[in-house]
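**Q** Okay, so here is final_36.cif, and as you'll see once you scroll down, it has mmCIF, C-alpha atoms.
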data_final
#
loop_
_atom_site.label_atom_id
_atom_site.label_comp_id
_atom_site.auth_asym_id
_atom_site.auth_seq_id
_atom_site.Cartn_x
_atom_site.Cartn_y
_atom_site.Cartn_z
CA MET A 161 17.93 7.25 4.02
CA THR A 162 18.34 5.79 0.54
CA PRO A 163 21.15 4.10 -1.44
CA GLN A 164 21.73 7.55 -2.98
CA GLY A 165 22.18 9.25 0.40
CA CYS A 166 20.08 10.90 3.11
CA PHE A 167 17.23 13.28 2.30
CA THR A 168 15.07 15.42 4.56
CA ALA A 169 11.56 16.74 3.94
CA ASN A 170 8.91 18.63 5.85
CA HIS A 171 6.26 16.27 4.54
CA VAL A 172 6.64 12.92 2.78
CA VAL A 173 4.06 11.75 0.22
CA ASN A 174 4.17 8.00 -0.31
CA ALA A 175 2.65 6.91 -3.63
CA ALA A 176 5.00 3.96 -4.13
CA GLY A 177 2.43 1.53 -5.57
CA LEU A 178 3.69 -2.01 -5.05
CA TYR A 179 5.79 -0.92 -2.06
CA ALA A 180 3.49 1.70 -0.56
CA ASP A 181 2.66 -0.56 2.38
CA LYS A 182 6.33 -1.22 3.14
CA ILE A 183 7.14 2.49 3.23
CA ALA A 184 4.03 3.25 5.28
CA LEU A 185 5.07 0.66 7.87
CA ASP A 186 8.33 2.58 8.38
CA PHE A 187 6.18 5.59 9.38
CA GLY A 188 3.88 3.57 11.67
CA PHE A 189 1.00 3.16 9.20
CA SER A 190 -0.53 0.34 7.09
CA GLU A 191 -0.64 -1.95 10.12
CA ARG A 192 -3.74 -3.77 8.87
CA TYR A 193 -2.93 -3.62 5.16
CA ARG A 194 -0.58 -5.39 2.77
CA ILE A 195 -0.15 -5.16 -1.00
CA LEU A 196 -1.04 -8.17 -3.14
CA PRO A 197 0.27 -8.06 -6.74
CA PHE A 198 -1.92 -8.96 -9.72
CA LYS A 199 -0.58 -9.20 -13.27
CA GLY A 200 -2.44 -7.34 -16.00
CA LEU A 201 -2.09 -8.30 -19.67
CA TYR A 202 -3.77 -6.99 -22.83
CA LEU A 203 -4.20 -8.66 -26.21
CA TYR A 204 -3.69 -6.28 -29.13
CA SER A 205 -5.74 -6.31 -32.32
CA ASP A 206 -4.20 -6.29 -35.80
CA GLU A 207 -7.45 -5.03 -37.35
CA PRO A 208 -7.33 -1.68 -39.18
CA PRO A 209 -7.69 1.47 -37.07
CA GLY A 210 -11.33 2.33 -36.51
CA ALA A 211 -12.63 -1.24 -36.29
CA PHE A 212 -13.88 -0.12 -32.88
CA ARG A 213 -14.84 3.51 -32.45
CA THR A 214 -15.20 3.57 -28.67
CA ASN A 215 -14.34 1.68 -25.51
CA ILE A 216 -16.72 -1.11 -24.47
CA TYR A 217 -17.05 -2.12 -20.82
CA PRO A 218 -18.93 -4.96 -19.09
CA VAL A 219 -21.16 -4.61 -16.07
CA PRO A 220 -18.65 -4.98 -13.19
CA ASP A 221 -18.82 -7.77 -10.64
CA LEU A 222 -19.10 -5.87 -7.36
CA ARG A 223 -17.72 -8.81 -5.39
CA ASN A 224 -14.16 -7.97 -6.47
CA PRO A 225 -12.30 -4.78 -7.46
CA PHE A 226 -11.43 -5.83 -11.01
CA LEU A 227 -13.44 -4.45 -13.91
CA GLY A 228 -13.20 -7.49 -16.16
CA VAL A 229 -12.26 -7.94 -19.81
CA HIS A 230 -13.17 -4.92 -21.96
CA PHE A 231 -12.27 -3.17 -25.21
CA THR A 232 -10.01 -0.12 -25.17
CA VAL A 233 -9.35 1.97 -28.26
CA LYS A 234 -5.79 3.32 -28.28
CA GLY A 235 -4.65 6.67 -29.57
CA ASP A 236 -3.67 5.15 -32.92
CA GLY A 237 -7.18 3.76 -33.43
CA HIS A 238 -6.31 0.11 -32.79
CA ALA A 239 -8.17 -1.86 -30.13
CA LYS A 240 -6.96 -4.05 -27.30
CA ILE A 241 -8.82 -6.43 -24.98
CA GLY A 242 -8.14 -7.15 -21.33
CA PRO A 243 -6.78 -6.76 -18.82
CA THR A 244 -6.22 -9.90 -16.84
CA ALA A 245 -5.90 -9.79 -13.05
CA ILE A 246 -3.78 -12.88 -12.54
CA PRO A 247 -2.38 -13.35 -9.01
CA ALA A 248 1.38 -12.77 -9.13
CA LEU A 249 3.76 -14.65 -6.83
CA TRP A 250 5.99 -11.70 -5.96
CA ARG A 251 5.62 -7.97 -6.37
CA GLU A 252 7.50 -7.44 -9.61
CA GLN A 253 6.81 -10.72 -11.40
CA TYR A 254 6.50 -9.22 -14.86
CA ARG A 255 8.00 -12.18 -16.74
CA GLY A 256 9.14 -15.63 -15.65
CA PHE A 257 11.53 -15.36 -12.72
CA ASP A 258 12.48 -11.71 -13.32
CA ASN A 259 12.99 -9.74 -10.09
CA PHE A 260 12.42 -12.86 -7.98
CA LYS A 261 12.61 -12.22 -4.23
CA PHE A 262 12.24 -15.24 -1.98
CA GLY A 263 10.88 -13.26 0.99
CA GLU A 264 8.17 -11.69 -1.15
CA PHE A 265 7.35 -15.06 -2.69
CA VAL A 266 6.78 -16.61 0.74
CA GLU A 267 4.73 -13.65 1.98
CA VAL A 268 2.51 -13.43 -1.11
CA LEU A 269 2.00 -17.21 -1.18
CA PHE A 270 1.01 -17.11 2.50
CA ARG A 271 -1.50 -14.29 1.93
CA GLU A 272 -3.01 -15.92 -1.15
CA ALA A 273 -3.25 -19.33 0.54
CA GLY A 274 -5.07 -17.68 3.43
CA LEU A 275 -7.55 -16.12 1.02
CA MET A 276 -8.03 -19.47 -0.69
CA MET A 277 -9.05 -21.04 2.62
CA SER A 278 -11.05 -18.17 4.06
CA SER A 279 -12.10 -14.83 2.62
CA ARG A 280 -15.16 -12.62 2.34
CA PHE A 281 -15.35 -13.42 -1.36
CA ASP A 282 -14.57 -16.47 -3.47
CA PHE A 283 -10.85 -15.82 -4.04
CA GLN A 284 -10.25 -19.37 -5.26
CA LYS A 285 -12.81 -18.95 -8.05
CA LEU A 286 -11.45 -15.51 -8.93
CA ALA A 287 -7.86 -16.80 -9.12
CA LEU A 288 -8.78 -19.78 -11.30
CA GLU A 289 -10.84 -17.62 -13.65
CA GLU A 290 -7.98 -15.15 -14.04
CA VAL A 291 -5.33 -17.81 -14.66
CA ARG A 292 -7.48 -19.15 -17.51
CA LYS A 293 -7.03 -15.76 -19.22
CA TYR A 294 -3.46 -16.74 -20.08
CA SER A 295 -5.22 -18.57 -22.93
CA LYS A 296 -5.67 -16.19 -25.87
CA PRO A 297 -8.76 -18.02 -27.23
CA HIS A 298 -10.41 -17.86 -23.80
CA LEU A 299 -9.69 -14.13 -23.43
CA VAL A 300 -11.08 -13.45 -26.91
CA ALA A 301 -14.15 -15.55 -26.12
CA LEU A 302 -14.83 -13.39 -23.04
CA ALA A 303 -14.45 -10.23 -25.09
CA SER A 304 -16.77 -11.57 -27.80
CA ARG A 305 -19.63 -11.40 -25.32
CA LEU A 306 -19.45 -7.61 -25.60
CA ALA A 307 -19.30 -7.22 -29.39
CA HIS A 308 -20.05 -9.10 -32.59
CA GLY A 309 -17.41 -10.18 -35.09
CA VAL A 310 -14.56 -10.59 -32.62
CA LYS A 311 -12.24 -13.21 -34.12
CA PRO A 312 -9.28 -14.96 -32.43
CA GLU A 313 -7.06 -14.51 -35.49
CA HIS A 314 -7.21 -10.73 -34.99
CA TYR A 315 -5.86 -10.92 -31.43
CA THR A 316 -2.48 -12.66 -31.33
CA ARG A 317 -0.04 -10.24 -29.68
CA TRP A 318 0.34 -9.71 -25.95
CA GLY A 319 1.25 -6.23 -24.76
CA GLU A 320 3.75 -5.40 -22.05
CA PRO A 321 2.59 -6.72 -18.64
CA GLY A 322 1.73 -4.46 -15.75
CA ILE A 323 1.35 -5.21 -12.05
CA ARG A 324 -1.62 -3.91 -10.10
CA ALA A 325 -0.83 -3.03 -6.49
CA GLN A 326 -4.02 -4.30 -4.86
CA LEU A 327 -4.47 -3.58 -1.17
CA LEU A 328 -5.50 -6.42 1.14
CA ASP A 329 -7.14 -5.90 4.53
CA ILE A 330 -5.32 -8.66 6.43
CA LYS A 331 -7.64 -8.38 9.43
CA ASN A 332 -10.89 -8.88 7.52
CA ARG A 333 -9.33 -10.85 4.64
CA LYS A 334 -10.83 -8.76 1.88
CA LEU A 335 -9.54 -6.77 -1.07
CA GLU A 336 -10.05 -3.03 -0.68
CA MET A 337 -12.40 -1.61 -3.31
CA ASP A 338 -11.67 2.12 -3.05
CA PHE A 339 -9.10 4.70 -2.00
CA VAL A 340 -7.32 4.10 1.31
CA ILE A 341 -5.14 6.94 2.61
CA GLU A 342 -3.34 7.13 5.95
CA GLY A 343 -1.13 9.84 7.33
CA ASP A 344 -0.49 12.67 9.75
CA GLU A 345 1.15 16.08 9.72
CA HIS A 346 4.49 14.52 8.69
CA SER A 347 3.49 12.08 5.95
CA THR A 348 0.70 10.95 3.61
CA HIS A 349 0.43 7.36 2.40
CA LEU A 350 -1.69 6.51 -0.63
CA LEU A 351 -2.09 2.80 0.04
CA ASN A 352 -4.83 2.00 -2.47
CA ALA A 353 -5.32 4.08 -5.61
CA VAL A 354 -8.05 2.54 -7.71
CA SER A 355 -9.03 3.50 -11.22
CA PRO A 356 -9.26 6.36 -12.06
CA GLY A 357 -6.22 7.01 -9.87
CA TRP A 358 -4.53 9.19 -12.50
CA THR A 359 -7.52 11.49 -12.94
CA CYS A 360 -7.90 11.75 -9.17
CA SER A 361 -4.29 12.88 -8.64
CA ILE A 362 -5.08 16.61 -8.66
CA PRO A 363 -8.13 16.32 -6.34
CA LEU A 364 -6.05 14.16 -3.98
CA ARG A 365 -3.42 16.91 -3.87
CA ALA A 366 -6.14 19.44 -3.05
CA LEU A 367 -7.39 17.18 -0.25
CA ARG A 368 -3.86 16.92 1.13
CA ARG A 369 -3.36 20.70 1.06
CA ARG A 370 -6.69 21.35 2.76
CA SER A 371 -5.78 18.89 5.52
CA ASN A 372 -2.47 20.70 6.00
CA ARG A 373 -4.22 24.07 6.27
CA GLU A 374 -6.48 22.67 8.98
CA GLY A 375 -3.31 21.64 10.83
CA ASN A 376 -4.39 18.10 11.66
CA GLY A 377 -2.90 16.08 8.81
CA LEU A 378 -5.11 13.14 7.91
CA LYS A 379 -6.72 12.68 11.32
CA SER A 380 -3.24 12.72 12.92
CA ARG A 381 -1.88 9.18 12.82
CA LYS A 382 -5.31 7.66 12.28
CA ALA A 383 -6.46 6.18 9.01
CA GLU A 384 -8.58 8.33 6.76
CA ARG A 385 -10.25 5.94 4.40
CA VAL A 386 -11.51 7.78 1.36
CA GLN A 387 -13.90 5.08 0.27
CA ALA A 388 -17.50 4.05 0.09
CA GLY A 389 -19.09 3.74 3.52
CA ALA A 390 -16.44 5.82 5.31
CA PRO A 391 -17.25 9.26 6.76
CA VAL A 392 -16.16 11.62 3.97
CA SER A 393 -17.32 15.21 3.84
CA ALA A 394 -19.31 16.55 0.90
CA GLU A 395 -16.33 18.74 -0.02
CA ASP A 396 -13.93 15.79 0.00
CA SER A 397 -16.34 13.71 -2.08
CA SER A 398 -16.61 16.51 -4.61
CA LEU A 399 -12.83 16.87 -4.77
CA LEU A 400 -12.22 13.17 -5.33
CA PHE A 401 -15.11 12.10 -7.50
CA GLY A 402 -16.44 15.28 -9.10
CA ARG A 403 -19.81 15.06 -7.42
#
Show how you would write the structure in this file as structure tokens.

**A**
Amino acid sequence: MTPQGCFTANHVVNAAGLYADKIALDFGFSERYRILPFKGLYLYSDEPPGAFRTNIYPVPDLRNPFLGVHFTVKGDGHAKIGPTAIPALWREQYRGFDNFKFGEFVEVLFREAGLMMSSRFDFQKLALEEVRKYSKPHLVALASRLAHGVKPEHYTRWGEPGIRAQLLDIKNRKLEMDFVIEGDEHSTHLLNAVSPGWTCSIPLRALRRRSNREGNGLKSRKAERVQAGAPVSAEDSSLLFGR
């Protein structure tokens, strides 16, 4: 049932991003998971196209799921640096008080405060480091560790913000690092789609179809966690990650 009327389907695929957990709860899934929003911003370069010829990435910090500040060359040849992963205070906090929802604000604040006090990683340090990236000079300084000749005067324009739908394991108080999918023969819920989520979309569809052919959904109302350390078949691993 939606504001546009009632719809029926033989199988529902939930890839709702920031609200994937809410929809999954309506189907009896995502009981131990909730979405935490993180704001991503990029700084755009005004240097001529071709100043950077390729993307440049740092060595990731495996304690958290965020890649860190890096250089991305756009289709027009210009570069951008970022993104940030600043904790947002409600799910669609793109700018100021846009889309403010008091219930979400209270829930997100409660979850983040809990992580500040107790988590399996240093969430307080992570949050403070990310908030500092609101400073353009600081963001440029981080990027300058990856390449020579990076000057603050070339990076003055913020791009449009995006919100990362990061999944939180509320039982173990940790941020999920890989794909988490739950479902049964009636529905599939993509709760955590990490980068490269877009390039994994076709393999994920193939995984879904194969599960349907076997007639058991995704372990029939039990979580199937497509992630490191979980029991994933060689075929599923090949489908998802090209190995």

**Q** With the file shown as input, list the residues that the PyMOL selection byres ((chain A and resi 290) around 8) selects, as an NGL selection string.

**A** :A and (244-247 or 286-289 or 291-294)

**Q** Which polymer residues have any atom within 10 Å of an atom of A:Ile323, counting only C-alpha atoms, with same-chain residues fewer than 3 positions away left out, as a list in words?

**A**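 The neighbour list is Gly177, Leu178, Leu196, Pro197, Phe198, Lys199, Gly200, Leu201, Ala245, Ile246, Pro247, Ala248, Arg251, Glu252, Gln253, Tyr254 and Gln326 of chain A.
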
**Q** Quick check, in Å to one decimal: how far apart do atom CA of A:Arg194 and atom CA of A:Asp329 lie?

**A**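 Value for the atom CA of A:Arg194-atom CA of A:Asp329 distance: 6.8 Å.
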
**Q** From the options A:Gly357, A:Gly210, A:Gly319, A:Pro163, which residue's atoms come nearest to A:Asp236, counting only C-alpha atoms?

**A**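 Looking at the shortest contact to A:Asp236, the residue is A:Gly210.
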
**Q** If I take atom CA of A:Ser278 and atom CA of A:Glu336, how far is one from the other in Å, to one decimal?

**A**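 The value is 15.9 Å.
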
**Q** What's the separation between atom CA of A:Lys334 and atom CA of A:Glu320, in Å to one decimal place?

**A**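 Value for the atom CA of A:Lys334-atom CA of A:Glu320 distance: 28.2 Å.
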
**Q** For A:Phe281, find every residue with an atom within 8 Å (counting only C-alpha atoms), except residues of its own chain fewer than 2 positions away, and show them as a list in words.

**A**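 Within the cut-off, the hits are Arg223, Asn224, Ser279, Phe283 and Lys334 of chain A.
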
**Q** Report as a CSV table (one decimal) with C-alpha atoms, keeping the file's coordinate frame all protein, DNA and RNA residues lying within 9 Å of A:Ala301, evaluated on only C-alpha atoms, omitting residues in the same chain fewer than 3 positions from it.

**A**
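What landed in result-v3.csv:
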chain,number,residue,atom,x,y,z
A,296,LYS,CA,-5.7,-16.2,-25.9
A,297,PRO,CA,-8.8,-18.0,-27.2
A,298,HIS,CA,-10.4,-17.9,-23.8
A,304,SER,CA,-16.8,-11.6,-27.8
A,305,ARG,CA,-19.6,-11.4,-25.3
A,310,VAL,CA,-14.6,-10.6,-32.6
A,311,LYS,CA,-12.2,-13.2,-34.1
A,312,PRO,CA,-9.3,-15.0,-32.4

**Q** Which of these residues is nearest to A:Gly343, using all atoms listed in the file: A:Arg368, A:Arg192, A:Lys182, A:Arg213?

**A** A:Arg368

**Q** Using the chain letters and numbers from the file, give me the residues hit by the PyMOL selection byres ((chain A and resi 350) around 8), as a ChimeraX atom specification.

**A** /A:173-176,180,339-342,348-349,351-353

**Q** Produce a file of the selected residues containing C-alpha atoms, as a PDB file, in the coordinates of the input.

**A**
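That gives us out_3.pdb:
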ATOM      1  CA  VAL A 173       4.060  11.750   0.220  1.00  0.00           C
ATOM      2  CA  ASN A 174       4.170   8.000  -0.310  1.00  0.00           C
ATOM      3  CA  ALA A 175       2.650   6.910  -3.630  1.00  0.00           C
ATOM      4  CA  ALA A 176       5.000   3.960  -4.130  1.00  0.00           C
ATOM      5  CA  ALA A 180       3.490   1.700  -0.560  1.00  0.00           C
ATOM      6  CA  PHE A 339      -9.100   4.700  -2.000  1.00  0.00           C
ATOM      7  CA  VAL A 340      -7.320   4.100   1.310  1.00  0.00           C
ATOM      8  CA  ILE A 341      -5.140   6.940   2.610  1.00  0.00           C
ATOM      9  CA  GLU A 342      -3.340   7.130   5.950  1.00  0.00           C
ATOM     10  CA  THR A 348       0.700  10.950   3.610  1.00  0.00           C
ATOM     11  CA  HIS A 349       0.430   7.360   2.400  1.00  0.00           C
ATOM     12  CA  LEU A 351      -2.090   2.800   0.040  1.00  0.00           C
ATOM     13  CA  ASN A 352      -4.830   2.000  -2.470  1.00  0.00           C
ATOM     14  CA  ALA A 353      -5.320   4.080  -5.610  1.00  0.00           C
TER      15      ALA A 353
END

**Q** Show which residues sit within 6 Å of stretch 313-315 of chain A, as a PDB file with C-alpha atoms, keeping the file's coordinate frame. Count all atoms listed in the file, and ignore same-chain residues fewer than 3 positions away.

**A**
ATOM      1  CA  LEU A 203      -4.200  -8.660 -26.210  1.00  0.00           C
ATOM      2  CA  TYR A 204      -3.690  -6.280 -29.130  1.00  0.00           C
ATOM      3  CA  SER A 205      -5.740  -6.310 -32.320  1.00  0.00           C
ATOM      4  CA  ASP A 206      -4.200  -6.290 -35.800  1.00  0.00           C
TER       5      ASP A 206
END

**Q** Find the spatial neighbours of A:His230, counting all atoms listed in the file, within a cut-off of 6 Å - ignore same-chain residues fewer than 4 positions away - and output them as number ranges by chain.

**A** A: 216-217, 241-242

**Q** Under the rule that only C-alpha atoms are counted, which of A:Val354, A:Gly228, A:Arg333, A:Thr359 is the nearest residue to A:Gly274?

**A** A:Arg333

**Q** Between A:Leu306, A:Val172, A:Val268, A:Met277, which is the closest to A:Val229 once you count all atoms listed in the file?

**A**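 So, comparing all the options, the nearest one is A:Leu306.
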
**Q** Put the listed atoms of stretch 347-351 of chain A in a box along x, y and z with 8 Å added on every side and give me the centre and edge lengths in Å to one decimal, as JSON.

**A**
{"center_x": 0.7, "center_y": 7.4, "center_z": 2.7, "size_x": 21.6, "size_y": 25.3, "size_z": 22.6}
